[in-house]
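Trainee: Supplied in structure tokens, the structure appears directly below.
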Amino acid sequence: MYEAAKVIYEKVIPHVVDFLQTHGEHARFQFTGHSLGGGIAVLVSLMLLIGNVVRCSMVEPVVTFGSPFVLCGGRKLLDELTLDDAQIYNVIMHRDIVPRGFSCNIPGFLISILKPFTRSLHSHPCLNENKFMCSPLGKLLILQPNAKSSPGHPLLPPGTAFYALDTTGCKYTSNAAINGFLNSPHPLQTLFDPLNHDSSSYLKAIKGVLRLHITATIVPKLREKKSLLWPLLVSPSPNSWQHERNPKPTN
């Protein structure tokens with residue numbers, strides 16, 4: 001993926017420079033993507049910052065959908081750039097295998113199978129120390145559709161919802177919560193369930209959340225406004241014509 005990000009980076013640079021020359025201090029950039037595209041979006045945005053092509057204030061948070069985490073020890077990189085987790089928002093379907101694939105606990109037998117085929121895995125720090133390849137980076141937003149679309153997550157209440165995993169508290173507790181989510185269910189258990197990764201599934205789930213939000217918040221406000229306006233609409237106007245107030249008697 002890093003090689004793909006380098007290719008995209010080289011293609012993006014001329015456009016970024018042109019945009020900077022046109023808009024100067026007002027220039028803003030934002031990257032997003034689904035699946036591998038989201039991982040590349042994270043890498044390209046960080047490459048622009050590391051290369052001092054743009055300032056941190058010019059890069060809006062990256063938003064990914066169903067994307068794998070792409071860095072081992074990426075937290076240190078964000079610290080060096082004086083950025084916090086809010087620089088990256090990871091929207092993850094509750095049972096999507098792709099965001100979990102490189103960041104779940106990889107069984108020992110699988111590691112022993114993979115290492116002979118990839119020499120770099122022999123010295124991979126995250127894999128050797130923590131049994132995963134890439135560490136989660138950024139804010140985690142968990143998207144759960146209704147039960148008709150997909151079974152619920154074992155750690156979440158049933159029903160359509162959009163959860164933000166709070167990582168502002170104790171680091172140990174936060175890491176345990178993230179690890180618990182990424183391994184429940186384990187990707188090996190949902191290996192043949194690709195629907196939760198499809199972009200159309202994300203779109204459908206987001207629409208479901210928005211529909212609930214509109215029903216729960218906006219509709220009641222509209223009804224309240226209607227209840228306030230209706231008496232004004234049906235009450236007699238003080239400026240009505242005299243004959244409207246006192247119609248002539250009919251024979």
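The way I read the labels, and the way they are meant: chains A, B, ... in the order of the structure tokens, residue 1 as the first residue of every chain, and ligand 1 as the first ligand shown, with later ones counted on from there.
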Would you write out, as CSV, a table of all residues in segment 129-209 of chain A that have an atom no more than 9 Å from an atom of segment 35-39 of chain A, listing for each the closest atom pair and the distance in Å to one decimal, considering only C-alpha atoms and ordering rows by chain and rising residue number?
Mentor:
residue,atom,partner,partner_atom,distance
A:His197,CA,A:Ser35,CA,7.9
A:Asp198,CA,A:Ser35,CA,8.8
A:Ser199,CA,A:Ser35,CA,8.4
Trainee: Please, could you write that set of residues out with N, CA and C atoms as a PDB file, in the first residue's frame?
Mentor:
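Generated file (selection_35.pdb):
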ATOM      1  N   HIS A 197     -18.321  -5.022   4.294  1.00  0.00           N
ATOM      2  CA  HIS A 197     -17.251  -4.154   3.803  1.00  0.00           C
ATOM      3  C   HIS A 197     -17.654  -3.379   2.558  1.00  0.00           C
ATOM      4  N   ASP A 198     -18.671  -3.813   1.885  1.00  0.00           N
ATOM      5  CA  ASP A 198     -19.080  -3.173   0.638  1.00  0.00           C
ATOM      6  C   ASP A 198     -19.458  -1.710   0.879  1.00  0.00           C
ATOM      7  N   SER A 199     -19.058  -0.845  -0.043  1.00  0.00           N
ATOM      8  CA  SER A 199     -19.336   0.586   0.124  1.00  0.00           C
ATOM      9  C   SER A 199     -20.834   0.869   0.168  1.00  0.00           C
TER      10      SER A 199
END
Trainee: So that I can check the surroundings of Asn90 of chain A, please list as JSON, numbers by chain every protein, DNA and RNA residue that reaches within 8 Å of it, counting only C-alpha atoms and ignoring chain neighbours fewer than 6 positions away.
Mentor: {"A": [63, 64, 65, 66, 67, 138, 139, 140, 141]}
Trainee: List the neighbours of Met93 of chain A out to 10 Å using only C-alpha atoms; skip same-chain residues closer than 2 positions along the sequence, and give me the result as an MDAnalysis selection string.
Mentor: chainID A and resid 65:67 90:91 95:99 141:145 153 162 196:198 201:202 205:206
Trainee: Smallest atom-to-atom distance to Lys6 of chain A: which of A:Leu20, A:Cys72, A:Val62, A:Leu46, using only C-alpha atoms?
Mentor: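 Between A:Leu20, A:Cys72, A:Val62, A:Leu46, the residue approaching Lys6 of chain A most closely is A:Leu46.
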Trainee: Given the choices A:Gly101, A:Pro125, A:Gly74, A:Pro154, which gets closest to Leu191 of chain A if the distance is worked out from only C-alpha atoms?
Mentor: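 Under the stated criterion, the closest residue is A:Gly101.
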